[in-house]
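Let me begin by presenting the structure, written as structure tokens, before commenting on it.
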Amino acid sequence: MATARIDPKRRADLISHKKKQFAEAPAKWKQQEYKWRLSFYDLPPTEEVSLEEFELWALGRLKVLAELESCTFRNRTPEETASYMAPIMEKHLPLHSNSSRSSELDEERKRDHYSHFILRLAFAGTKDLRQRFSRLETMLFKLRWKDDDAVERKEFLDSLDMQLEKAGESELNECGVSLEQAKAATGWRKGDAEAWFTLDWERVPDLVESRRCLLRRGKAYVLLKEQMSFVVAEFTKRLDAALEITSRALPRLDEDDRLSPILSHLSKSFTAPDASFDAEAGINGLQAPTAGTVDALSSHFPLCMQNMHRTLRQDAKLKHQGRLEYTLFLKGIGLDLSNAVEFWRRSFRTITDEKFTKEYLYNVKHAYGEVGGDANRRGRGYTPFSCQKLLTEPLPGPGQTHGCPYRTHTDVENLVALLGATGMRDPETIKSVREDVGKQRYHIACNRVFEFAHKSELERVKRKGGWGPAELDTILHPNSYFKRSFLLKHLGEGNAGFVEPRGEDVKMEGSLDE
Amino acid sequence: MPHSENSQDEDLVLPDAPSLQNEPSQSQTISQSTIVEDNKENVKLEDMFDDDNEDEYSSSAPPAQIKGEDSSQPMPQSLGRFSDSDVMRAFYQRLFPFRYLFQWLNHSPNPEDTNDFRHREFAFTLQNDVYLRYQSFKTADTLRKQCMDMIPTRFEIGPVYSTNPRERKSLPKSAAFRPLTKELVFDIDMTDYDEIRTCCTGASICHRCWTFITMAIKVVDAALKDDFGFKHIMWVYSGRRGAHAWVCDKRARELDDQKRRAIAGYLELVKGGDKSSKKVNIRRPLHPHLDRSLRILKEFFPTSILADQDPWENPKKAAHLLTLLPDAQLNSALQKKWDSAPSRSSTSKWNDIDTLAESGINPNLDTKKLMQAKQDVILEYTYPRLDAEVSKKLNHLLKSPFCVHPGTGRICVPIDVRRVEEFDPLDVPTVTELLADINSWKKDDSEKKVQDWEKTRLKPYVDFFKGFVSSLLKGEKTSIKRERDGMEY
């Protein structure tokens, strides 16, 4: 496609690398037919496109991917995501099934095909971008898979040659359970297809992880209805491999002066909508926190950090993951290294100095980038975790306290008790929190609590103006929770009054939302 | 410690007797030849240390000479601290089975055959707690030399990298240095059981709480073998209050992080950090893995948990039991009964549940739900609690087998899973006991050279390890084509 048409002078060069890249399929160098709506994007496009189309198509796809990502940040359920995404996809990247008999089918599919490959080029550059691109493309594929026409989906699946073996009843019985139990144990529902497939378990890691298949001597027995899982796994695998290859071929593109600006613009507009927090910026009116003032400030902490703080005060210990998350949060509110060390030393009051120095000091220093490898020092340690990060961490095991309590408190009564302990007892809010948590909208619950706790202050700033929409948008980072809480409770004190719209906030929230 | 020459796994792919016999002799011959070379270089070093450099190698040197040296060997006097330099040096010099460790990690007796040992990361913890990462060694002997020079309190084993870890900084691109393979590992530690064990706290253990580890080993081992089809699984005592598993099958070594995470997730059950809630939430009917695990664990529950741990003996803990049961009416009846007899044992309280349920306290009692809740209770109190993070990462390091635990002085010996119930952590020899064993060993009449570890209580464990390694190597051979020096035999 574009790579080959960019510049006739360089064409030979490009073709040769292209040949290498797609050596398996040299004969397919021709216009492709788009038989199905879904695609594994195995073959690159080869037709000419205008520069304008090149950019326009890519931007459309980018918009869809960005919206998808924001759905994950907002913890939308798959159903909510599907309904939220439907109009967006229809607008920016429509793709209809054969049965729709749309006259645009070929054009739509071509656009889907080309935009995918353009973004591949744009995002193959760094490992981070590759991973994110692959994750989001996988989500997009999944979304489309789910709402695809069942017949066409089956035809598409057959075309993939996935080498699935049909499993017989006798094999299943070897798993030590009856067929009935096997079906029920792996989530079979009435009306689902009865057929089973068998394949190496490595091909369906997510089914293994959630015990949605049977295992016997290294083979997985999978219900037909779970086929999405291995098709998706295969999609990701092939895309990851292709991205690797693209990244190695990228340097050869650099010289082109028409494409590279577009590509770099595309990749830049995709950078880090993950909520980040700039600890350097400081907060107006907040004296630099010290080991001694953390207790007092903790009333402004979001529930996750309060939870860890309380555990720490109660047990005089906190396990590794919790320590890491809490240390980084404190670093984010401006606690410097020496104060952080003092804070932790005092908090672990039951252990000796020697044990502290030996087992805990290093981790605190590491989080601040004081020790560790070059990259860690240069980056001045880790950045504070966002809600997204906290929500995707493994759940705490016995004895551990970390992560988002709205998610980790599997028993909602305990969550309510914890909220009560922090002073949140409003029955209306608690009721809504229960609903939110039931729907796994954890951060909505957290924002709800915030809004109640700062009700009058929020009304005040809304009435007086001064806080732009960015400052009033959903909180997606524990440190923004703290910052906003602190500022709201100190309205009118010196320069802490109204917050200037700050660059960091705009970046933090603005890129997520329109 | 039980042991057998032909591995811990009977249904091995290659049961051919001749090669079984050949294997050890092959490897011996190879290491003999390397030793001959090393001897030449090391004469001076040996003199300097006035010590036997060959203890665990079947040396080409005249046996008489070695024996003489052995018996005249003065043992370090200060046996007080386990990590005492002299004790540790003597341990590495005379007892640590470097040769089998090498074969185990190299998957071949010949250093040239694979990069699995050469490119493997070792991390040393030195006496002053300095932690040295990215150490690597060409042979068993170079590892042994460095252990004797640095006298680490322990060392850990990491992954095989794409290049030699020591040369990682001189590479053109950092991307060229990445972990390729490592055994799939598991770590079970008693700390994760603290909230349910009543007999001991912190670092101490007794026979009663060791049963938690025994149960965990049985459940995890069964899943790894029956479900995932792994054959070469070695369990190792961690030296104090836990156990490690090393899954050494090629298929396991090549797993990426995502697949390791999948296995960890498959095995993980007890979740939730908040202190009082129900930690086992599973759908019914039970997945075959959980079904099998429950069958294993049920056997232990009445004695090891109810009797030995007596987990609901006090009213506060009994209240936790009630939160795990589904029926409010039944719960209040139980509460009433236990209030009147506060010191009732856990066994009685457990039986009370069924007695009261059957007495018709609540005519609408959902017996099925109650039965499931009781199963969940059993699982919460017995199911393995893995330190899952250790298993999820390809590049996670884990303490090597046969290291000395610096706190207890006990050796991290392999555990024979077929007789895991007989394993007694308190009976595992300490490094000082082993060194004393060498001294009190009496030579018998046979002319056979006896290596130092054979004179001690370490022997059955090393023999077991040897058997494990030779079976692993045999399994490996089916995938690797015949070595060039196969011609010599």
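Residues are referred to by chain and number: the chain letter is A, B, ... according to the order shown in the structure tokens, the number counts from 1 in that chain, and ligands are numbered separately from 1 in the order shown.
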Given a cut-off of 7 Å, which residues of chain B touch chain A, counting only C-alpha atoms, written out as a JSON list (two decimals) with N, CA, C and O atoms, in the first residue's frame?
```json
[["chain", "number", "residue", "atom", "x", "y", "z"],
["B", 192, "ASP", "N", 1.26, -16.66, 54.33],
["B", 192, "ASP", "CA", -0.06, -16.48, 53.74],
["B", 192, "ASP", "C", -1.14, -17.23, 54.51],
["B", 192, "ASP", "O", -2.32, -17.07, 54.26],
["B", 225, "LYS", "N", 0.36, -32.18, 37.13],
["B", 225, "LYS", "CA", 0.57, -33.43, 36.41],
["B", 225, "LYS", "C", -0.66, -33.84, 35.60],
["B", 225, "LYS", "O", -0.57, -34.09, 34.40],
["B", 226, "ASP", "N", -1.80, -33.91, 36.25],
["B", 226, "ASP", "CA", -2.98, -34.43, 35.57],
["B", 226, "ASP", "C", -3.56, -33.43, 34.57],
["B", 226, "ASP", "O", -3.99, -33.81, 33.49],
["B", 227, "ASP", "N", -3.56, -32.16, 34.93],
["B", 227, "ASP", "CA", -4.23, -31.18, 34.08],
["B", 227, "ASP", "C", -3.28, -30.63, 33.02],
["B", 227, "ASP", "O", -3.62, -30.54, 31.85],
["B", 228, "PHE", "N", -2.10, -30.23, 33.46],
["B", 228, "PHE", "CA", -1.19, -29.60, 32.51],
["B", 228, "PHE", "C", -0.23, -30.59, 31.87],
["B", 228, "PHE", "O", 0.51, -30.25, 30.95],
["B", 229, "GLY", "N", -0.20, -31.79, 32.39],
["B", 229, "GLY", "CA", 0.63, -32.82, 31.77],
["B", 229, "GLY", "C", 2.12, -32.68, 32.03],
["B", 229, "GLY", "O", 2.93, -33.24, 31.31],
["B", 259, "LYS", "N", 1.10, -16.97, 29.85],
["B", 259, "LYS", "CA", 0.72, -18.35, 30.12],
["B", 259, "LYS", "C", 1.04, -18.74, 31.55],
["B", 259, "LYS", "O", 0.34, -19.53, 32.17],
["B", 262, "ALA", "N", -1.70, -17.51, 33.45],
["B", 262, "ALA", "CA", -2.88, -18.36, 33.30],
["B", 262, "ALA", "C", -2.83, -19.54, 34.27],
["B", 262, "ALA", "O", -3.83, -19.86, 34.92],
["B", 263, "ILE", "N", -1.68, -20.16, 34.40],
["B", 263, "ILE", "CA", -1.58, -21.29, 35.31],
["B", 263, "ILE", "C", -1.79, -20.83, 36.76],
["B", 263, "ILE", "O", -2.52, -21.44, 37.53],
["B", 265, "GLY", "N", -3.46, -18.32, 37.77],
["B", 265, "GLY", "CA", -4.87, -18.01, 37.94],
["B", 265, "GLY", "C", -5.72, -19.26, 38.08],
["B", 265, "GLY", "O", -6.65, -19.31, 38.89],
["B", 266, "TYR", "N", -5.38, -20.26, 37.29],
["B", 266, "TYR", "CA", -6.09, -21.54, 37.34],
["B", 266, "TYR", "C", -6.00, -22.15, 38.74],
["B", 266, "TYR", "O", -6.96, -22.71, 39.26],
["B", 271, "LYS", "N", -9.09, -15.60, 47.66],
["B", 271, "LYS", "CA", -8.83, -14.23, 47.27],
["B", 271, "LYS", "C", -9.54, -13.25, 48.20],
["B", 271, "LYS", "O", -10.46, -13.61, 48.90],
["B", 272, "GLY", "N", -9.13, -12.03, 48.14],
["B", 272, "GLY", "CA", -9.80, -10.98, 48.89],
["B", 272, "GLY", "C", -8.96, -10.55, 50.07],
["B", 272, "GLY", "O", -8.55, -11.36, 50.89],
["B", 273, "GLY", "N", -8.67, -9.26, 50.15],
["B", 273, "GLY", "CA", -7.79, -8.78, 51.20],
["B", 273, "GLY", "C", -8.52, -8.34, 52.44],
["B", 273, "GLY", "O", -7.95, -8.30, 53.51],
["B", 274, "ASP", "N", -9.81, -8.02, 52.31],
["B", 274, "ASP", "CA", -10.48, -7.52, 53.50],
["B", 274, "ASP", "C", -10.66, -8.65, 54.50],
["B", 274, "ASP", "O", -10.89, -9.80, 54.16],
["B", 277, "SER", "N", -14.32, -11.03, 55.07],
["B", 277, "SER", "CA", -15.29, -11.54, 54.12],
["B", 277, "SER", "C", -14.96, -12.96, 53.67],
["B", 277, "SER", "O", -13.92, -13.52, 53.97],
["B", 284, "ARG", "N", -20.85, -23.28, 40.77],
["B", 284, "ARG", "CA", -21.17, -24.71, 40.80],
["B", 284, "ARG", "C", -21.74, -25.10, 39.47],
["B", 284, "ARG", "O", -22.33, -24.26, 38.80],
["B", 285, "PRO", "N", -21.64, -26.37, 39.12],
["B", 285, "PRO", "CA", -20.88, -27.39, 39.82],
["B", 285, "PRO", "C", -19.38, -27.10, 39.78],
["B", 285, "PRO", "O", -18.93, -26.31, 38.96],
["B", 286, "LEU", "N", -18.66, -27.77, 40.63],
["B", 286, "LEU", "CA", -17.24, -27.48, 40.74],
["B", 286, "LEU", "C", -16.49, -27.88, 39.48],
["B", 286, "LEU", "O", -16.78, -28.90, 38.86],
["B", 287, "HIS", "N", -15.55, -27.05, 39.12],
["B", 287, "HIS", "CA", -14.64, -27.39, 38.04],
["B", 287, "HIS", "C", -13.86, -28.64, 38.46],
["B", 287, "HIS", "O", -13.55, -28.81, 39.65],
["B", 288, "PRO", "N", -13.57, -29.53, 37.50],
["B", 288, "PRO", "CA", -12.90, -30.79, 37.87],
["B", 288, "PRO", "C", -11.65, -30.59, 38.73],
["B", 288, "PRO", "O", -11.38, -31.39, 39.63]]
```
Query - Every residue of segment 303-337 of chain A that DSSP places in alpha helix (DSSP H), as a list in words - result: Leu303, Cys304, Met305, Gln306, Asn307, Met308, His309, Arg310, Thr311, Leu312, Arg313, Gln314, Asp315, His320, Gln321, Gly322, Arg323, Leu324, Glu325, Tyr326, Thr327, Leu328, Phe329, Leu330, Lys331, Gly332 and Leu337 of chain A
Give me a file of those residues, with N, CA and C atoms, as a PDB file, in the first residue's frame.
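Full text of part_33.pdb as output:
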```pdb
ATOM      1  N   LEU A 303     -10.409   6.634  49.088  1.00  0.00           N
ATOM      2  CA  LEU A 303     -10.617   5.468  49.941  1.00  0.00           C
ATOM      3  C   LEU A 303      -9.477   4.454  49.852  1.00  0.00           C
ATOM      4  N   CYS A 304      -8.933   4.276  48.647  1.00  0.00           N
ATOM      5  CA  CYS A 304      -7.867   3.281  48.499  1.00  0.00           C
ATOM      6  C   CYS A 304      -6.687   3.625  49.406  1.00  0.00           C
ATOM      7  N   MET A 305      -6.301   4.906  49.389  1.00  0.00           N
ATOM      8  CA  MET A 305      -5.129   5.297  50.165  1.00  0.00           C
ATOM      9  C   MET A 305      -5.465   5.376  51.659  1.00  0.00           C
ATOM     10  N   GLN A 306      -6.677   5.813  51.952  1.00  0.00           N
ATOM     11  CA  GLN A 306      -7.090   5.805  53.369  1.00  0.00           C
ATOM     12  C   GLN A 306      -7.063   4.383  53.911  1.00  0.00           C
ATOM     13  N   ASN A 307      -7.525   3.464  53.084  1.00  0.00           N
ATOM     14  CA  ASN A 307      -7.568   2.066  53.496  1.00  0.00           C
ATOM     15  C   ASN A 307      -6.168   1.566  53.841  1.00  0.00           C
ATOM     16  N   MET A 308      -5.211   1.890  52.970  1.00  0.00           N
ATOM     17  CA  MET A 308      -3.846   1.449  53.238  1.00  0.00           C
ATOM     18  C   MET A 308      -3.281   2.176  54.452  1.00  0.00           C
ATOM     19  N   HIS A 309      -3.609   3.466  54.557  1.00  0.00           N
ATOM     20  CA  HIS A 309      -3.116   4.231  55.690  1.00  0.00           C
ATOM     21  C   HIS A 309      -3.654   3.642  57.001  1.00  0.00           C
ATOM     22  N   ARG A 310      -4.914   3.303  57.002  1.00  0.00           N
ATOM     23  CA  ARG A 310      -5.522   2.750  58.229  1.00  0.00           C
ATOM     24  C   ARG A 310      -4.918   1.401  58.567  1.00  0.00           C
ATOM     25  N   THR A 311      -4.746   0.561  57.519  1.00  0.00           N
ATOM     26  CA  THR A 311      -4.135  -0.743  57.765  1.00  0.00           C
ATOM     27  C   THR A 311      -2.752  -0.572  58.372  1.00  0.00           C
ATOM     28  N   LEU A 312      -2.022   0.371  57.810  1.00  0.00           N
ATOM     29  CA  LEU A 312      -0.663   0.619  58.278  1.00  0.00           C
ATOM     30  C   LEU A 312      -0.672   1.084  59.731  1.00  0.00           C
ATOM     31  N   ARG A 313      -1.572   1.979  60.060  1.00  0.00           N
ATOM     32  CA  ARG A 313      -1.632   2.474  61.427  1.00  0.00           C
ATOM     33  C   ARG A 313      -2.086   1.372  62.389  1.00  0.00           C
ATOM     34  N   GLN A 314      -2.977   0.536  61.906  1.00  0.00           N
ATOM     35  CA  GLN A 314      -3.556  -0.493  62.773  1.00  0.00           C
ATOM     36  C   GLN A 314      -2.585  -1.648  62.999  1.00  0.00           C
ATOM     37  N   ASP A 315      -1.974  -2.133  61.906  1.00  0.00           N
ATOM     38  CA  ASP A 315      -1.150  -3.335  62.006  1.00  0.00           C
ATOM     39  C   ASP A 315       0.334  -3.032  62.074  1.00  0.00           C
ATOM     40  N   HIS A 320       3.984  -5.791  50.392  1.00  0.00           N
ATOM     41  CA  HIS A 320       4.768  -5.145  49.341  1.00  0.00           C
ATOM     42  C   HIS A 320       3.948  -4.282  48.382  1.00  0.00           C
ATOM     43  N   GLN A 321       2.937  -4.869  47.760  1.00  0.00           N
ATOM     44  CA  GLN A 321       2.199  -4.123  46.736  1.00  0.00           C
ATOM     45  C   GLN A 321       1.551  -2.875  47.336  1.00  0.00           C
ATOM     46  N   GLY A 322       1.003  -3.030  48.535  1.00  0.00           N
ATOM     47  CA  GLY A 322       0.389  -1.892  49.207  1.00  0.00           C
ATOM     48  C   GLY A 322       1.420  -0.813  49.499  1.00  0.00           C
ATOM     49  N   ARG A 323       2.593  -1.236  49.961  1.00  0.00           N
ATOM     50  CA  ARG A 323       3.642  -0.258  50.248  1.00  0.00           C
ATOM     51  C   ARG A 323       4.013   0.513  48.999  1.00  0.00           C
ATOM     52  N   LEU A 324       4.142  -0.232  47.899  1.00  0.00           N
ATOM     53  CA  LEU A 324       4.533   0.415  46.646  1.00  0.00           C
ATOM     54  C   LEU A 324       3.483   1.459  46.237  1.00  0.00           C
ATOM     55  N   GLU A 325       2.223   1.042  46.262  1.00  0.00           N
ATOM     56  CA  GLU A 325       1.171   1.952  45.826  1.00  0.00           C
ATOM     57  C   GLU A 325       1.089   3.172  46.734  1.00  0.00           C
ATOM     58  N   TYR A 326       1.217   2.925  48.026  1.00  0.00           N
ATOM     59  CA  TYR A 326       1.075   4.027  48.973  1.00  0.00           C
ATOM     60  C   TYR A 326       2.290   4.953  48.912  1.00  0.00           C
ATOM     61  N   THR A 327       3.473   4.374  48.802  1.00  0.00           N
ATOM     62  CA  THR A 327       4.673   5.197  48.680  1.00  0.00           C
ATOM     63  C   THR A 327       4.571   6.119  47.478  1.00  0.00           C
ATOM     64  N   LEU A 328       4.132   5.559  46.360  1.00  0.00           N
ATOM     65  CA  LEU A 328       4.064   6.364  45.140  1.00  0.00           C
ATOM     66  C   LEU A 328       3.004   7.452  45.259  1.00  0.00           C
ATOM     67  N   PHE A 329       1.917   7.121  45.909  1.00  0.00           N
ATOM     68  CA  PHE A 329       0.894   8.132  46.127  1.00  0.00           C
ATOM     69  C   PHE A 329       1.463   9.283  46.958  1.00  0.00           C
ATOM     70  N   LEU A 330       2.157   8.924  48.034  1.00  0.00           N
ATOM     71  CA  LEU A 330       2.729   9.951  48.903  1.00  0.00           C
ATOM     72  C   LEU A 330       3.765  10.774  48.144  1.00  0.00           C
ATOM     73  N   LYS A 331       4.529  10.085  47.326  1.00  0.00           N
ATOM     74  CA  LYS A 331       5.484  10.802  46.495  1.00  0.00           C
ATOM     75  C   LYS A 331       4.727  11.796  45.619  1.00  0.00           C
ATOM     76  N   GLY A 332       3.573  11.349  45.115  1.00  0.00           N
ATOM     77  CA  GLY A 332       2.762  12.198  44.240  1.00  0.00           C
ATOM     78  C   GLY A 332       2.222  13.430  44.956  1.00  0.00           C
ATOM     79  N   LEU A 337      11.885  12.246  49.603  1.00  0.00           N
ATOM     80  CA  LEU A 337      12.434  10.931  49.955  1.00  0.00           C
ATOM     81  C   LEU A 337      12.768  10.811  51.433  1.00  0.00           C
TER      82      LEU A 337
END
```
Requested in this report: Would you kindly return, as a PyMOL selection string, each protein, DNA or RNA residue with an atom no farther than 10 Å from any atom of Asp376 of chain B, considering only C-alpha atoms and excluding same-chain residues fewer than 4 positions away?
Outcome: chain B and resi 270+278-282+294+324-325+370-372+380-383
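Among the candidate residues A:Trp145, A:Val294, A:His300, A:Glu194, the one lying nearest to Met228 of chain A is A:Trp145, with distances computed using only C-alpha atoms.
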Among segment 78-251 of chain A, which ones does DSSP place in strand (DSSP E), written as a short mmCIF file (atom, residue, chain, number, x, y, z; two decimals) with C-alpha atoms, in the first residue's frame?
```
data_model
loop_
_atom_site.label_atom_id
_atom_site.label_comp_id
_atom_site.auth_asym_id
_atom_site.auth_seq_id
_atom_site.Cartn_x
_atom_site.Cartn_y
_atom_site.Cartn_z
CA GLU A 165 -9.72 -30.97 16.80
CA LYS A 166 -13.13 -32.13 17.71
CA TRP A 196 -16.22 -29.58 22.23
CA PHE A 197 -12.84 -28.85 20.79
CA THR A 198 -9.47 -29.89 22.00
CA LEU A 199 -6.21 -28.03 21.58
CA ASP A 200 -3.00 -27.30 23.44
CA LEU A 214 -11.25 -28.61 31.10
CA LEU A 215 -7.66 -29.70 31.19
CA ARG A 216 -6.23 -33.11 30.78
CA LYS A 219 -4.78 -30.52 26.40
CA ALA A 220 -7.62 -28.07 26.83
CA TYR A 221 -11.19 -29.15 26.15
CA VAL A 222 -13.15 -26.14 25.11
CA LEU A 223 -16.82 -25.60 24.44
#
```
Query - Cys199 of chain B environment, 12 Å, only C-alpha atoms, sequence neighbours closer than 4 positions dropped, as a list in words - result: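 My reading of the contact set: Met190, Tyr193, Asp194, Glu195, Ala203, Ser204, Ile205, Cys206, His207, Arg208, Cys209, Trp210, Thr211, Phe212, Ser304, Ile305, Ala307, Asp308, Gln309, Asp310 and Pro311 of chain B.
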Would you mind exporting C-alpha atoms of the selected residues as an mmCIF file, in the first residue's frame?
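As a result, out.cif now contains:
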```cif
data_model
loop_
_atom_site.group_PDB
_atom_site.id
_atom_site.type_symbol
_atom_site.label_atom_id
_atom_site.label_comp_id
_atom_site.auth_asym_id
_atom_site.auth_seq_id
_atom_site.Cartn_x
_atom_site.Cartn_y
_atom_site.Cartn_z
ATOM 1 C CA MET B 190 3.342 -20.051 55.677
ATOM 2 C CA TYR B 193 -1.682 -18.839 56.219
ATOM 3 C CA ASP B 194 -1.205 -16.616 59.250
ATOM 4 C CA GLU B 195 -4.857 -15.700 59.542
ATOM 5 C CA ALA B 203 8.647 -17.501 61.295
ATOM 6 C CA SER B 204 8.125 -20.521 63.503
ATOM 7 C CA ILE B 205 6.539 -23.742 62.381
ATOM 8 C CA CYS B 206 5.541 -27.041 63.918
ATOM 9 C CA HIS B 207 4.294 -30.337 62.569
ATOM 10 C CA ARG B 208 0.721 -29.197 62.834
ATOM 11 C CA CYS B 209 1.044 -26.193 60.587
ATOM 12 C CA TRP B 210 3.415 -27.919 58.187
ATOM 13 C CA THR B 211 0.340 -29.860 57.113
ATOM 14 C CA PHE B 212 -0.822 -26.713 55.318
ATOM 15 C CA SER B 304 -5.434 -31.265 60.528
ATOM 16 C CA ILE B 305 -7.816 -28.329 60.704
ATOM 17 C CA ALA B 307 -8.596 -30.952 65.697
ATOM 18 C CA ASP B 308 -5.079 -29.584 65.270
ATOM 19 C CA GLN B 309 -5.784 -25.959 64.445
ATOM 20 C CA ASP B 310 -9.093 -25.638 66.280
ATOM 21 C CA PRO B 311 -9.800 -22.522 64.218
#
```
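Residues lying within 12 Å of Thr77 of chain A, counting only C-alpha atoms and ignoring same-chain neighbours fewer than 5 positions away, are Leu68, Cys71, Thr72, Ala82, Ser83, Tyr84, Met85, Asp436, Val437, Gly438, Lys439, Gln440, Arg441 and Tyr442 of chain A.
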Query raised in the report: Separation of atom CA of Ile415 of chain B and atom CA of Ala90 of chain B, in Å?
Result: 24.1 Å
Query raised in the report: Residues at most 12 Å from Gln131 of chain A, counting only C-alpha atoms, excluding those fewer than 2 positions away in the same chain, as a PyMOL selection string?
Result: chain A and resi 120+123-129+133-138+236-237+239-241+243-244
Using N, CA and C atoms, can you export the residues from the last selection as an mmCIF file, in the first residue's frame?
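File produced: out.cif:
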```
data_model
loop_
_atom_site.group_PDB
_atom_site.id
_atom_site.type_symbol
_atom_site.label_atom_id
_atom_site.label_comp_id
_atom_site.auth_asym_id
_atom_site.auth_seq_id
_atom_site.Cartn_x
_atom_site.Cartn_y
_atom_site.Cartn_z
ATOM 1 N N ARG A 120 -0.630 0.672 12.125
ATOM 2 C CA ARG A 120 0.469 -0.238 12.437
ATOM 3 C C ARG A 120 1.794 0.462 12.273
ATOM 4 N N PHE A 123 2.329 3.133 14.981
ATOM 5 C CA PHE A 123 2.485 2.697 16.368
ATOM 6 C C PHE A 123 3.477 1.574 16.563
ATOM 7 N N ALA A 124 4.214 1.237 15.505
ATOM 8 C CA ALA A 124 5.170 0.151 15.669
ATOM 9 C C ALA A 124 6.441 0.636 16.348
ATOM 10 N N GLY A 125 6.590 1.941 16.453
ATOM 11 C CA GLY A 125 7.855 2.529 16.879
ATOM 12 C C GLY A 125 8.360 2.117 18.248
ATOM 13 N N THR A 126 7.521 2.211 19.255
ATOM 14 C CA THR A 126 8.011 1.859 20.589
ATOM 15 C C THR A 126 7.206 0.698 21.143
ATOM 16 N N LYS A 127 7.808 0.056 22.142
ATOM 17 C CA LYS A 127 7.174 -1.119 22.718
ATOM 18 C C LYS A 127 5.836 -0.752 23.353
ATOM 19 N N ASP A 128 5.819 0.385 24.046
ATOM 20 C CA ASP A 128 4.582 0.821 24.697
ATOM 21 C C ASP A 128 3.444 0.983 23.704
ATOM 22 N N LEU A 129 3.776 1.695 22.632
ATOM 23 C CA LEU A 129 2.741 1.943 21.633
ATOM 24 C C LEU A 129 2.284 0.641 20.989
ATOM 25 N N PHE A 133 -1.505 -0.532 21.051
ATOM 26 C CA PHE A 133 -2.188 -0.712 19.786
ATOM 27 C C PHE A 133 -2.740 -2.134 19.690
ATOM 28 N N SER A 134 -1.916 -3.073 20.034
ATOM 29 C CA SER A 134 -2.337 -4.469 19.940
ATOM 30 C C SER A 134 -3.508 -4.741 20.886
ATOM 31 N N ARG A 135 -3.444 -4.154 22.072
ATOM 32 C CA ARG A 135 -4.527 -4.371 23.033
ATOM 33 C C ARG A 135 -5.847 -3.799 22.499
ATOM 34 N N LEU A 136 -5.752 -2.592 21.952
ATOM 35 C CA LEU A 136 -6.976 -1.943 21.505
ATOM 36 C C LEU A 136 -7.518 -2.573 20.230
ATOM 37 N N GLU A 137 -6.638 -2.941 19.326
ATOM 38 C CA GLU A 137 -7.099 -3.613 18.114
ATOM 39 C C GLU A 137 -7.775 -4.937 18.486
ATOM 40 N N THR A 138 -7.231 -5.589 19.480
ATOM 41 C CA THR A 138 -7.836 -6.835 19.926
ATOM 42 C C THR A 138 -9.239 -6.584 20.466
ATOM 43 N N THR A 236 -4.383 -11.686 18.335
ATOM 44 C CA THR A 236 -3.372 -10.924 19.064
ATOM 45 C C THR A 236 -1.976 -11.440 18.745
ATOM 46 N N LYS A 237 -1.871 -12.748 18.707
ATOM 47 C CA LYS A 237 -0.557 -13.341 18.468
ATOM 48 C C LYS A 237 -0.017 -12.898 17.110
ATOM 49 N N LEU A 239 -0.938 -10.334 15.305
ATOM 50 C CA LEU A 239 -0.719 -8.889 15.247
ATOM 51 C C LEU A 239 0.582 -8.520 15.951
ATOM 52 N N ASP A 240 0.826 -9.126 17.107
ATOM 53 C CA ASP A 240 2.058 -8.826 17.836
ATOM 54 C C ASP A 240 3.279 -9.168 16.994
ATOM 55 N N ALA A 241 3.215 -10.321 16.347
ATOM 56 C CA ALA A 241 4.344 -10.733 15.521
ATOM 57 C C ALA A 241 4.535 -9.760 14.369
ATOM 58 N N LEU A 243 3.668 -6.639 14.241
ATOM 59 C CA LEU A 243 4.149 -5.346 14.736
ATOM 60 C C LEU A 243 5.655 -5.379 14.978
ATOM 61 N N GLU A 244 6.124 -6.505 15.485
ATOM 62 C CA GLU A 244 7.568 -6.664 15.686
ATOM 63 C C GLU A 244 8.294 -6.463 14.366
#
```
**Report entry** Which of B:Thr214, B:Gln329, B:Thr323, B:Asn164 sits closest to Val236 of chain B [using only C-alpha atoms]
**Finding:** B:Thr214
Query raised in the report: Excluding same-chain residues fewer than 5 positions from Lys316 of chain B, what lies within 12 Å of it counting only C-alpha atoms, as an MDAnalysis selection string?
Result: chainID B and resid 276 311 321:323 335 338:339 342:343
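Atom CA of Pro289 of chain A sits 28.6 Å away from atom CA of Arg425 of chain A.
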**Report entry** A:Glu457, A:Lys35, A:Cys387, A:Thr46 ranked by distance to Ile444 of chain A, top pick (using only C-alpha atoms)
**Finding:**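 Under the stated criterion, the closest residue is A:Cys387.
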Requested in this report: Please indicate the distance in Å from atom CA of Ala245 of chain B to atom CA of Phe230 of chain B, rounded to one decimal place.
Outcome: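 That distance, rounded to one decimal, is 12.1 Å.
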